[in-house]
file start.txt (compact mmCIF, C-alpha atoms)
# COMPACT_ATOMS: atom_id res chain seq x y z
CA MET A 175 80.05 101.22 94.52
CA THR A 176 77.15 98.79 94.48
CA SER A 177 74.83 98.30 97.44
CA SER A 178 75.11 94.51 97.21
CA ILE A 179 77.81 92.13 96.10
CA PRO A 180 77.16 90.34 92.80
CA TRP A 181 77.26 86.56 92.70
CA LEU A 182 79.30 85.33 89.74
CA GLY A 183 78.31 82.34 87.66
CA PRO A 184 81.02 80.00 86.36
CA ASP A 185 81.66 82.09 83.25
CA ASP A 186 80.60 85.58 84.35
CA PRO A 187 83.11 88.43 83.92
CA PHE A 188 84.34 90.35 86.93
CA PRO A 189 82.67 93.65 87.78
CA ALA A 190 84.74 96.81 87.41
CA PRO A 191 87.12 97.29 90.37
CA ALA A 192 85.47 100.65 91.10
CA ASP A 193 82.30 98.72 92.02
CA SER A 194 83.93 97.22 95.12
CA TRP A 195 82.64 98.17 98.55
CA SER A 196 83.96 101.47 99.88
CA ALA A 197 86.15 102.07 102.92
CA ASP A 198 83.13 102.78 105.18
CA SER A 199 81.47 99.42 104.42
CA PRO A 200 81.72 96.30 106.61
CA MET A 201 84.13 94.64 104.13
CA PRO A 202 85.95 97.40 102.24
CA GLY A 203 87.31 96.32 98.89
CA LEU A 204 84.97 93.33 98.45
CA LEU A 205 83.96 93.16 94.79
CA ALA A 206 82.16 89.88 94.09
CA ALA A 207 81.53 86.32 95.26
CA GLY A 208 81.37 83.00 93.46
CA GLY A 209 82.80 82.15 90.07
CA ARG A 210 85.64 79.72 89.57
CA LEU A 211 89.04 79.47 91.22
CA ASP A 212 90.95 78.11 88.25
CA VAL A 213 93.87 79.30 86.14
CA PRO A 214 91.87 81.27 83.53
CA HIS A 215 89.84 83.08 86.18
CA LEU A 216 92.89 83.81 88.31
CA LEU A 217 94.71 85.26 85.30
CA ALA A 218 91.68 87.37 84.42
CA ALA A 219 91.41 88.59 88.00
CA TYR A 220 95.04 89.54 88.50
CA GLY A 221 95.11 91.22 85.10
CA GLN A 222 92.45 93.59 86.46
CA GLY A 223 94.03 94.08 89.89
CA ILE A 224 91.56 91.70 91.57
CA PHE A 225 92.54 88.93 93.99
CA PRO A 226 90.74 86.12 95.87
CA TRP A 227 90.66 86.04 99.66
CA PHE A 228 88.28 83.92 101.74
CA GLY A 229 88.23 81.55 104.67
CA GLU A 230 87.12 78.00 105.35
CA GLY A 231 83.38 77.61 104.80
CA GLN A 232 83.06 80.84 102.80
CA PRO A 233 82.37 81.18 99.08
CA ILE A 234 85.10 82.45 96.81
CA LEU A 235 85.41 86.18 97.53
CA TRP A 236 87.08 88.60 95.11
CA TRP A 237 88.64 91.89 96.21
CA SER A 238 89.91 95.15 94.80
CA THR A 239 91.22 97.24 97.69
CA ALA A 240 91.46 101.03 97.59
CA PRO A 241 93.93 102.44 98.26
CA ARG A 242 96.36 99.70 97.30
CA MET A 243 99.41 98.74 99.35
CA VAL A 244 102.53 98.40 97.19
CA LEU A 245 106.28 98.20 97.57
CA TYR A 246 108.45 100.08 95.11
CA PRO A 247 111.63 98.00 94.84
CA GLN A 248 113.83 101.08 95.18
CA GLU A 249 112.06 101.95 98.45
CA LEU A 250 112.74 98.72 100.36
CA ARG A 251 113.80 99.82 103.82
CA LEU A 252 116.98 97.96 104.69
CA HIS A 253 117.41 98.54 108.40
CA ARG A 254 120.97 98.06 109.63
CA SER A 255 120.21 94.72 111.24
CA LEU A 256 118.53 93.37 108.11
CA ARG A 257 121.39 94.60 105.93
CA ARG A 258 123.86 92.73 108.15
CA THR A 259 121.68 89.62 108.02
CA LEU A 260 121.64 89.76 104.22
CA GLN A 261 125.40 90.24 104.09
CA ARG A 262 125.97 87.21 106.31
CA PHE A 263 123.45 85.16 104.33
CA ARG A 264 125.13 86.07 101.04
CA ALA A 265 128.57 85.16 102.36
CA ALA A 266 127.64 81.87 104.03
CA ALA A 267 128.41 78.70 102.12
CA ASP A 268 125.35 76.89 103.49
CA CYS A 269 122.85 79.66 102.63
CA GLU A 270 121.07 80.00 99.31
CA LEU A 271 118.21 81.98 97.80
CA ARG A 272 116.26 79.74 95.43
CA ILE A 273 113.38 80.35 93.02
CA ASP A 274 110.66 77.73 92.44
CA SER A 275 112.68 74.95 94.06
CA ASP A 276 109.72 73.72 96.13
CA PHE A 277 106.59 75.78 95.50
CA PRO A 278 104.24 73.24 97.17
CA ALA A 279 106.27 73.34 100.40
CA VAL A 280 106.27 77.15 100.41
CA ILE A 281 102.54 77.61 99.92
CA ARG A 282 101.76 74.93 102.50
CA ALA A 283 104.07 76.59 105.01
CA CYS A 284 102.34 79.92 104.32
CA ALA A 285 98.97 78.22 104.83
CA ALA A 286 100.13 76.99 108.23
CA THR A 287 101.10 80.53 109.29
CA PRO A 288 98.10 82.69 110.27
CA ARG A 289 98.22 86.38 109.46
CA ALA A 290 98.79 88.75 112.36
CA GLY A 291 95.64 89.07 114.44
CA GLN A 292 93.99 86.01 112.85
CA SER A 293 93.54 82.60 114.44
CA GLY A 294 93.19 80.69 111.17
CA THR A 295 94.44 80.79 107.62
CA TRP A 296 92.91 82.19 104.45
CA ILE A 297 95.04 79.82 102.34
CA VAL A 298 92.47 77.04 102.44
CA PRO A 299 93.02 73.75 100.53
CA GLN A 300 91.06 75.08 97.55
CA MET A 301 93.46 78.04 97.33
CA VAL A 302 96.50 75.76 97.61
CA ARG A 303 95.31 73.62 94.72
CA ALA A 304 94.49 76.67 92.59
CA TYR A 305 97.86 78.34 93.08
CA GLU A 306 99.74 75.10 92.53
CA ALA A 307 97.95 74.90 89.17
CA LEU A 308 98.87 78.53 88.53
CA HIS A 309 102.49 77.65 89.35
CA ARG A 310 102.46 74.75 86.90
CA ALA A 311 101.11 77.19 84.29
CA GLY A 312 104.14 79.43 84.92
CA HIS A 313 102.41 82.34 86.63
CA ALA A 314 102.98 81.67 90.35
CA HIS A 315 106.46 81.55 91.85
CA SER A 316 108.17 80.87 95.15
CA VAL A 317 111.18 82.72 96.52
CA GLU A 318 112.91 80.52 99.08
CA THR A 319 115.43 80.98 101.88
CA TRP A 320 117.52 77.85 102.32
CA ILE A 321 119.84 77.50 105.32
CA GLY A 322 121.90 74.39 105.96
CA GLY A 323 120.04 72.47 103.28
CA ARG A 324 116.63 73.22 104.81
CA LEU A 325 113.81 75.47 103.70
CA ALA A 326 113.85 78.14 106.41
CA GLY A 327 111.42 80.68 104.97
CA GLY A 328 109.99 82.09 101.82
CA LEU A 329 107.13 83.68 99.96
CA TYR A 330 105.01 83.07 96.91
CA CYS A 331 103.76 85.54 94.36
CA VAL A 332 101.91 85.83 91.06
CA ALA A 333 103.49 87.38 87.98
CA LEU A 334 101.95 88.50 84.68
CA GLY A 335 104.58 90.04 82.44
CA ARG A 336 106.32 92.51 84.74
CA ALA A 337 103.35 92.85 87.09
CA VAL A 338 104.28 91.13 90.37
CA PHE A 339 101.67 90.42 93.05
CA GLY A 340 102.94 89.36 96.47
CA GLU A 341 100.76 86.83 98.27
CA SER A 342 102.11 85.43 101.54
CA MET A 343 105.32 84.78 103.49
CA PHE A 344 106.47 82.39 106.20
CA ALA A 345 109.56 81.93 108.36
CA HIS A 346 110.91 78.98 110.33
CA ALA A 347 114.06 80.94 111.23
CA THR A 348 114.63 84.54 112.27
CA ASP A 349 114.38 86.96 109.31
CA ALA A 350 114.01 84.11 106.80
CA SER A 351 110.89 85.64 105.24
CA LYS A 352 112.58 89.07 105.09
CA ILE A 353 115.52 87.50 103.27
CA ALA A 354 113.11 86.04 100.71
CA LEU A 355 111.40 89.41 100.28
CA ALA A 356 114.78 91.09 99.82
CA GLY A 357 115.60 88.46 97.21
CA LEU A 358 112.37 89.21 95.35
CA VAL A 359 113.14 92.93 95.49
CA ALA A 360 116.66 92.31 94.17
CA LEU A 361 115.25 90.25 91.31
CA CYS A 362 112.69 92.95 90.52
CA ARG A 363 115.27 95.74 90.67
CA GLY A 364 117.50 93.91 88.25
CA GLN A 365 114.71 93.41 85.71
CA GLY A 366 112.95 96.76 85.82
CA VAL A 367 109.83 95.89 87.81
CA ALA A 368 108.22 99.18 88.86
CA LEU A 369 106.34 97.93 91.94
CA ILE A 370 105.29 94.84 93.89
CA ASP A 371 101.65 94.53 94.90
CA CYS A 372 101.12 93.95 98.63
CA GLN A 373 97.29 94.10 98.48
CA GLN A 374 96.52 95.34 102.00
CA ASN A 375 98.13 97.67 104.50
CA THR A 376 99.93 96.04 107.42
CA ALA A 377 102.37 97.50 109.91
CA HIS A 378 104.94 94.85 108.96
CA LEU A 379 104.89 95.79 105.29
CA ALA A 380 104.96 99.50 106.11
CA SER A 381 108.06 98.95 108.26
CA LEU A 382 109.80 97.54 105.19
CA GLY A 383 108.92 100.55 103.03
CA ALA A 384 105.59 99.61 101.47
CA ARG A 385 103.00 102.36 101.10
CA GLU A 386 99.51 102.98 99.82
CA ILE A 387 98.75 104.40 96.37
CA ALA A 388 95.47 105.23 94.66
CA ARG A 389 93.77 102.23 93.08
CA GLU A 390 93.61 104.07 89.74
CA VAL A 391 97.39 104.46 89.75
CA PHE A 392 97.84 100.80 90.61
CA LEU A 393 95.46 99.60 87.90
CA ALA A 394 97.20 101.73 85.29
CA HIS A 395 100.49 100.12 86.31
CA VAL A 396 99.01 96.62 86.04
CA ALA A 397 97.60 97.34 82.58
CA ARG A 398 101.05 98.42 81.36
CA ALA A 399 103.14 95.80 83.15
CA CYS A 400 101.03 92.83 82.04
CA THR A 401 101.92 93.57 78.41
CA GLN A 402 105.67 93.60 79.06
CA PRO A 403 107.98 90.56 78.67
CA ALA A 404 107.88 88.05 81.49
CA LEU A 405 110.57 88.08 84.14
CA ALA A 406 113.39 85.56 84.11
CA TRP A 407 112.71 83.68 87.34
CA ARG A 408 116.32 82.79 88.14
CA PHE A 409 118.38 84.02 91.06
CA ALA A 410 122.17 84.12 90.72
CA PRO A 411 124.42 85.33 93.57
CA GLU A 412 125.13 88.57 91.67
CA CYS A 413 121.45 89.47 91.94
CA TRP A 414 122.28 90.66 95.46
CA ASP A 415 124.38 93.43 93.91
CA THR A 416 121.23 95.53 93.41
CA LEU A 417 120.84 95.66 97.21
CA LEU A 418 124.29 95.06 98.66
CA PRO A 419 127.57 96.55 97.44
CA ARG A 420 130.19 93.89 96.87
CA THR A 421 132.55 95.71 99.22
CA ALA A 422 130.08 95.57 102.11
CA THR A 423 131.10 93.50 105.11
CA ALA A 424 129.17 92.12 108.02

call {"tool": "encode", "arguments": {"input": "start.txt", "output": "structure tokens"}}
result
Amino acid sequence: MTSSIPWLGPDDPFPAPADSWSADSPMPGLLAAGGRLDVPHLLAAYGQGIFPWFGEGQPILWWSTAPRMVLYPQELRLHRSLRRTLQRFRAAADCELRIDSDFPAVIRACAATPRAGQSGTWIVPQMVRAYEALHRAGHAHSVETWIGGRLAGGLYCVALGRAVFGESMFAHATDASKIALAGLVALCRGQGVALIDCQQNTAHLASLGAREIAREVFLAHVARACTQPALAWRFAPECWDTLLPRTATA
């Protein structure tokens, strides 16, 4: 752990994740500042378990949190009420889970939704532009809850091979973001994704089954998963079978 945070030039490599600030520092997990927020640098960062997170008026800040919050797809906690919601959603003719139907709308809705305990957003315009470019490059995806022909909720994530990094969620209807997360989990279960990165510990994520693991374990997973074939980002109704038995009723 370094005593000061390095400032990255446009083409400087990232420091080793172990050099991030420790848990007893003012900003635990902070690794570096500066650099570029473009597709090559984002791919290099995520491939090393590093992610950007900064607010309006701040420089680009890069993080590698320890421990790391993750969700193992097999450990998603389907409370009875959420299970019933998913069953109704699956059965309804006017409800649909879509992938990459409107990524710009999803990330902008996430940007308009402050995180719990925060008055503003960390998804500043610079971040929106960067992740839209990452989406066009095929490495950022949106999972969308559509109800009655309207986008009711969703999430966006980054994917390198079979390494999936969750970013942010939003909901304009009750449980719409949870439906999107369940859809992502179903997709990951069906294609052998070992875990979904959640970056930081929150009570909401913990209530859904996410838990902390050692950063070393997480980084070893990322190194393996990034070399595996990319996911097929398509969601068919039968994808729900990994979560919901066909015989289940509301």

call {"tool": "residues_around", "arguments": {"input": "start.txt", "residues": "region 203-211 of chain A", "least_positions_apart": "5", "cutoff": "7 Å", "atoms": "only C-alpha atoms", "output": "PDB file with C-alpha atoms, in the coordinates of the input"}}
result
ATOM      1  CA  ILE A 179      77.810  92.130  96.100  1.00  0.00           C
ATOM      2  CA  PRO A 180      77.160  90.340  92.800  1.00  0.00           C
ATOM      3  CA  TRP A 181      77.260  86.560  92.700  1.00  0.00           C
ATOM      4  CA  LEU A 182      79.300  85.330  89.740  1.00  0.00           C
ATOM      5  CA  GLY A 183      78.310  82.340  87.660  1.00  0.00           C
ATOM      6  CA  PRO A 184      81.020  80.000  86.360  1.00  0.00           C
ATOM      7  CA  ASP A 185      81.660  82.090  83.250  1.00  0.00           C
ATOM      8  CA  PRO A 191      87.120  97.290  90.370  1.00  0.00           C
ATOM      9  CA  ASP A 193      82.300  98.720  92.020  1.00  0.00           C
ATOM     10  CA  SER A 194      83.930  97.220  95.120  1.00  0.00           C
ATOM     11  CA  TRP A 195      82.640  98.170  98.550  1.00  0.00           C
ATOM     12  CA  SER A 196      83.960 101.470  99.880  1.00  0.00           C
ATOM     13  CA  LEU A 216      92.890  83.810  88.310  1.00  0.00           C
ATOM     14  CA  PRO A 233      82.370  81.180  99.080  1.00  0.00           C
ATOM     15  CA  ILE A 234      85.100  82.450  96.810  1.00  0.00           C
ATOM     16  CA  LEU A 235      85.410  86.180  97.530  1.00  0.00           C
ATOM     17  CA  TRP A 236      87.080  88.600  95.110  1.00  0.00           C
ATOM     18  CA  TRP A 237      88.640  91.890  96.210  1.00  0.00           C
ATOM     19  CA  SER A 238      89.910  95.150  94.800  1.00  0.00           C
ATOM     20  CA  THR A 239      91.220  97.240  97.690  1.00  0.00           C
ATOM     21  CA  ALA A 240      91.460 101.030  97.590  1.00  0.00           C
ATOM     22  CA  ALA A 304      94.490  76.670  92.590  1.00  0.00           C
TER      23      ALA A 304
END

call {"tool": "atom_distance", "arguments": {"input": "start.txt", "atom1": "CA of Ser178 (chain A)", "atom2": "CA of Pro202 (chain A)"}}
result
12.3 Å

call {"tool": "atom_distance", "arguments": {"input": "start.txt", "atom1": "CA of Asp186 (chain A)", "atom2": "CA of Pro200 (chain A)"}}
result
24.7 Å

call {"tool": "closest_residue", "arguments": {"input": "start.txt", "among": "A:Leu382, A:Cys413, A:Cys331, A:Leu260", "to": "Asp274 (chain A)", "atoms": "all atoms listed in the file"}}
result
A:Cys331

call {"tool": "atom_distance", "arguments": {"input": "start.txt", "atom1": "CA of Gly312 (chain A)", "atom2": "CA of Ile281 (chain A)"}}
result
15.2 Å

call {"tool": "closest_residue", "arguments": {"input": "start.txt", "among": "A:Gly340, A:Gly327, A:Gly383, A:Pro189", "to": "Leu250 (chain A)", "atoms": "all atoms listed in the file"}}
result
A:Gly383

call {"tool": "residues_around", "arguments": {"input": "start.txt", "residues": "Gly229 (chain A)", "least_positions_apart": "5", "cutoff": "8 Å", "atoms": "all atoms listed in the file", "output": "ChimeraX atom specification"}}
result
/A:295-298

call {"tool": "closest_residue", "arguments": {"input": "start.txt", "among": "A:Ala399, A:Ala394, A:Met343, A:Leu361", "to": "Leu271 (chain A)", "atoms": "all atoms listed in the file"}}
result
A:Leu361

call {"tool": "residues_around", "arguments": {"input": "start.txt", "residues": "Tyr220 (chain A)", "least_positions_apart": "6", "cutoff": "9 Å", "atoms": "all atoms listed in the file", "output": "ChimeraX atom specification"}}
result
/A:332-334,339,396

call {"tool": "write_last_selection", "arguments": {"input": "start.txt", "atoms": "C-alpha atoms", "output": "JSON list (two decimals), in the coordinates of the input"}}
result
[["chain", "number", "residue", "atom", "x", "y", "z"],
["A", 332, "VAL", "CA", 101.91, 85.83, 91.06],
["A", 333, "ALA", "CA", 103.49, 87.38, 87.98],
["A", 334, "LEU", "CA", 101.95, 88.50, 84.68],
["A", 339, "PHE", "CA", 101.67, 90.42, 93.05],
["A", 396, "VAL", "CA", 99.01, 96.62, 86.04]]

call {"tool": "closest_residue", "arguments": {"input": "start.txt", "among": "A:Val391, A:Ala218, A:Leu379, A:Ala360", "to": "Leu417 (chain A)", "atoms": "only C-alpha atoms"}}
result
A:Ala360

call {"tool": "closest_residue", "arguments": {"input": "start.txt", "among": "A:Ala311, A:Val302, A:Ala326, A:Leu245", "to": "Ile370 (chain A)", "atoms": "all atoms listed in the file"}}
result
A:Leu245

call {"tool": "closest_residue", "arguments": {"input": "start.txt", "among": "A:Leu252, A:Ala388, A:Val338, A:Leu217", "to": "Leu418 (chain A)", "atoms": "only C-alpha atoms"}}
result
A:Leu252

call {"tool": "residues_around", "arguments": {"input": "start.txt", "residues": "Ser342 (chain A)", "least_positions_apart": "4", "cutoff": "9 Å", "atoms": "all atoms listed in the file", "output": "compact mmCIF listing (two decimals) with C-alpha atoms, in the frame of the given file"}}
result
# COMPACT_ATOMS: atom_id res chain seq x y z
CA ILE A 281 102.54 77.61 99.92
CA CYS A 284 102.34 79.92 104.32
CA ALA A 285 98.97 78.22 104.83
CA ARG A 289 98.22 86.38 109.46
CA GLY A 328 109.99 82.09 101.82
CA LEU A 329 107.13 83.68 99.96
CA TYR A 330 105.01 83.07 96.91
CA CYS A 331 103.76 85.54 94.36

call {"tool": "residues_around", "arguments": {"input": "start.txt", "residues": "Ala267 (chain A)", "least_positions_apart": "4", "cutoff": "10 Å", "atoms": "all atoms listed in the file", "output": "number ranges by chain"}}
result
A: 262-263, 321-322

call {"tool": "decode", "arguments": {"input": "start.txt", "residues": "region 363-397 of chain A", "atoms": "N, CA and C atoms", "output": "PDB file, in the first residue's frame"}}
result
ATOM      1  N   ARG A 363     -26.155 -18.076 -15.034  1.00  0.00           N
ATOM      2  CA  ARG A 363     -26.284 -19.481 -14.659  1.00  0.00           C
ATOM      3  C   ARG A 363     -26.276 -20.374 -15.891  1.00  0.00           C
ATOM      4  N   GLY A 364     -27.002 -19.956 -16.900  1.00  0.00           N
ATOM      5  CA  GLY A 364     -27.134 -20.774 -18.097  1.00  0.00           C
ATOM      6  C   GLY A 364     -25.864 -20.880 -18.911  1.00  0.00           C
ATOM      7  N   GLN A 365     -24.910 -19.950 -18.684  1.00  0.00           N
ATOM      8  CA  GLN A 365     -23.690 -19.952 -19.497  1.00  0.00           C
ATOM      9  C   GLN A 365     -22.422 -20.134 -18.666  1.00  0.00           C
ATOM     10  N   GLY A 366     -22.578 -20.607 -17.449  1.00  0.00           N
ATOM     11  CA  GLY A 366     -21.421 -21.008 -16.659  1.00  0.00           C
ATOM     12  C   GLY A 366     -20.579 -19.883 -16.105  1.00  0.00           C
ATOM     13  N   VAL A 367     -21.182 -18.729 -15.833  1.00  0.00           N
ATOM     14  CA  VAL A 367     -20.443 -17.635 -15.201  1.00  0.00           C
ATOM     15  C   VAL A 367     -20.314 -17.927 -13.713  1.00  0.00           C
ATOM     16  N   ALA A 368     -19.089 -17.886 -13.190  1.00  0.00           N
ATOM     17  CA  ALA A 368     -18.846 -18.293 -11.809  1.00  0.00           C
ATOM     18  C   ALA A 368     -19.324 -17.249 -10.808  1.00  0.00           C
ATOM     19  N   LEU A 369     -19.129 -15.958 -11.118  1.00  0.00           N
ATOM     20  CA  LEU A 369     -19.557 -14.915 -10.185  1.00  0.00           C
ATOM     21  C   LEU A 369     -19.761 -13.607 -10.926  1.00  0.00           C
ATOM     22  N   ILE A 370     -20.521 -12.716 -10.289  1.00  0.00           N
ATOM     23  CA  ILE A 370     -20.783 -11.370 -10.808  1.00  0.00           C
ATOM     24  C   ILE A 370     -20.170 -10.369  -9.840  1.00  0.00           C
ATOM     25  N   ASP A 371     -19.316  -9.514 -10.338  1.00  0.00           N
ATOM     26  CA  ASP A 371     -18.679  -8.505  -9.498  1.00  0.00           C
ATOM     27  C   ASP A 371     -19.693  -7.448  -9.081  1.00  0.00           C
ATOM     28  N   CYS A 372     -19.713  -7.123  -7.796  1.00  0.00           N
ATOM     29  CA  CYS A 372     -20.587  -6.066  -7.276  1.00  0.00           C
ATOM     30  C   CYS A 372     -19.783  -4.896  -6.713  1.00  0.00           C
ATOM     31  N   GLN A 373     -18.469  -4.985  -6.763  1.00  0.00           N
ATOM     32  CA  GLN A 373     -17.539  -3.926  -6.376  1.00  0.00           C
ATOM     33  C   GLN A 373     -17.522  -3.642  -4.887  1.00  0.00           C
ATOM     34  N   GLN A 374     -18.606  -3.075  -4.351  1.00  0.00           N
ATOM     35  CA  GLN A 374     -18.601  -2.615  -2.969  1.00  0.00           C
ATOM     36  C   GLN A 374     -19.787  -3.178  -2.183  1.00  0.00           C
ATOM     37  N   ASN A 375     -19.571  -3.336  -0.899  1.00  0.00           N
ATOM     38  CA  ASN A 375     -20.578  -3.921  -0.019  1.00  0.00           C
ATOM     39  C   ASN A 375     -21.710  -2.932   0.253  1.00  0.00           C
ATOM     40  N   THR A 376     -22.935  -3.353  -0.017  1.00  0.00           N
ATOM     41  CA  THR A 376     -24.114  -2.585   0.365  1.00  0.00           C
ATOM     42  C   THR A 376     -25.125  -3.536   0.989  1.00  0.00           C
ATOM     43  N   ALA A 377     -25.961  -3.002   1.852  1.00  0.00           N
ATOM     44  CA  ALA A 377     -26.981  -3.830   2.499  1.00  0.00           C
ATOM     45  C   ALA A 377     -27.947  -4.407   1.470  1.00  0.00           C
ATOM     46  N   HIS A 378     -28.249  -3.639   0.430  1.00  0.00           N
ATOM     47  CA  HIS A 378     -29.176  -4.108  -0.601  1.00  0.00           C
ATOM     48  C   HIS A 378     -28.619  -5.335  -1.308  1.00  0.00           C
ATOM     49  N   LEU A 379     -27.357  -5.280  -1.713  1.00  0.00           N
ATOM     50  CA  LEU A 379     -26.744  -6.412  -2.392  1.00  0.00           C
ATOM     51  C   LEU A 379     -26.639  -7.614  -1.460  1.00  0.00           C
ATOM     52  N   ALA A 380     -26.287  -7.361  -0.213  1.00  0.00           N
ATOM     53  CA  ALA A 380     -26.181  -8.461   0.750  1.00  0.00           C
ATOM     54  C   ALA A 380     -27.528  -9.145   0.938  1.00  0.00           C
ATOM     55  N   SER A 381     -28.613  -8.383   0.898  1.00  0.00           N
ATOM     56  CA  SER A 381     -29.944  -8.967   1.080  1.00  0.00           C
ATOM     57  C   SER A 381     -30.318  -9.893  -0.069  1.00  0.00           C
ATOM     58  N   LEU A 382     -29.643  -9.720  -1.203  1.00  0.00           N
ATOM     59  CA  LEU A 382     -29.916 -10.544  -2.374  1.00  0.00           C
ATOM     60  C   LEU A 382     -28.928 -11.710  -2.493  1.00  0.00           C
ATOM     61  N   GLY A 383     -28.029 -11.834  -1.522  1.00  0.00           N
ATOM     62  CA  GLY A 383     -27.125 -12.971  -1.506  1.00  0.00           C
ATOM     63  C   GLY A 383     -25.685 -12.668  -1.834  1.00  0.00           C
ATOM     64  N   ALA A 384     -25.354 -11.428  -2.146  1.00  0.00           N
ATOM     65  CA  ALA A 384     -23.961 -11.086  -2.433  1.00  0.00           C
ATOM     66  C   ALA A 384     -23.137 -11.145  -1.152  1.00  0.00           C
ATOM     67  N   ARG A 385     -21.848 -11.411  -1.291  1.00  0.00           N
ATOM     68  CA  ARG A 385     -20.961 -11.479  -0.134  1.00  0.00           C
ATOM     69  C   ARG A 385     -19.544 -11.064  -0.522  1.00  0.00           C
ATOM     70  N   GLU A 386     -18.744 -10.804   0.473  1.00  0.00           N
ATOM     71  CA  GLU A 386     -17.374 -10.374   0.250  1.00  0.00           C
ATOM     72  C   GLU A 386     -16.440 -11.585   0.123  1.00  0.00           C
ATOM     73  N   ILE A 387     -15.460 -11.453  -0.772  1.00  0.00           N
ATOM     74  CA  ILE A 387     -14.396 -12.447  -0.884  1.00  0.00           C
ATOM     75  C   ILE A 387     -13.058 -11.704  -0.914  1.00  0.00           C
ATOM     76  N   ALA A 388     -11.990 -12.413  -0.654  1.00  0.00           N
ATOM     77  CA  ALA A 388     -10.664 -11.811  -0.682  1.00  0.00           C
ATOM     78  C   ALA A 388     -10.350 -11.288  -2.087  1.00  0.00           C
ATOM     79  N   ARG A 389      -9.677 -10.155  -2.152  1.00  0.00           N
ATOM     80  CA  ARG A 389      -9.342  -9.587  -3.460  1.00  0.00           C
ATOM     81  C   ARG A 389      -8.503 -10.564  -4.282  1.00  0.00           C
ATOM     82  N   GLU A 390      -7.603 -11.294  -3.639  1.00  0.00           N
ATOM     83  CA  GLU A 390      -6.759 -12.238  -4.367  1.00  0.00           C
ATOM     84  C   GLU A 390      -7.599 -13.317  -5.057  1.00  0.00           C
ATOM     85  N   VAL A 391      -8.633 -13.773  -4.379  1.00  0.00           N
ATOM     86  CA  VAL A 391      -9.528 -14.773  -4.968  1.00  0.00           C
ATOM     87  C   VAL A 391     -10.270 -14.168  -6.156  1.00  0.00           C
ATOM     88  N   PHE A 392     -10.745 -12.945  -5.990  1.00  0.00           N
ATOM     89  CA  PHE A 392     -11.458 -12.272  -7.071  1.00  0.00           C
ATOM     90  C   PHE A 392     -10.554 -12.061  -8.284  1.00  0.00           C
ATOM     91  N   LEU A 393      -9.339 -11.595  -8.061  1.00  0.00           N
ATOM     92  CA  LEU A 393      -8.430 -11.329  -9.174  1.00  0.00           C
ATOM     93  C   LEU A 393      -8.054 -12.610  -9.915  1.00  0.00           C
ATOM     94  N   ALA A 394      -7.913 -13.701  -9.193  1.00  0.00           N
ATOM     95  CA  ALA A 394      -7.631 -14.982  -9.839  1.00  0.00           C
ATOM     96  C   ALA A 394      -8.803 -15.402 -10.728  1.00  0.00           C
ATOM     97  N   HIS A 395     -10.021 -15.161 -10.241  1.00  0.00           N
ATOM     98  CA  HIS A 395     -11.206 -15.446 -11.058  1.00  0.00           C
ATOM     99  C   HIS A 395     -11.204 -14.608 -12.324  1.00  0.00           C
ATOM    100  N   VAL A 396     -10.942 -13.305 -12.193  1.00  0.00           N
ATOM    101  CA  VAL A 396     -10.951 -12.416 -13.359  1.00  0.00           C
ATOM    102  C   VAL A 396      -9.923 -12.868 -14.385  1.00  0.00           C
ATOM    103  N   ALA A 397      -8.732 -13.221 -13.922  1.00  0.00           N
ATOM    104  CA  ALA A 397      -7.677 -13.651 -14.844  1.00  0.00           C
ATOM    105  C   ALA A 397      -8.111 -14.876 -15.650  1.00  0.00           C
TER     106      ALA A 397
END
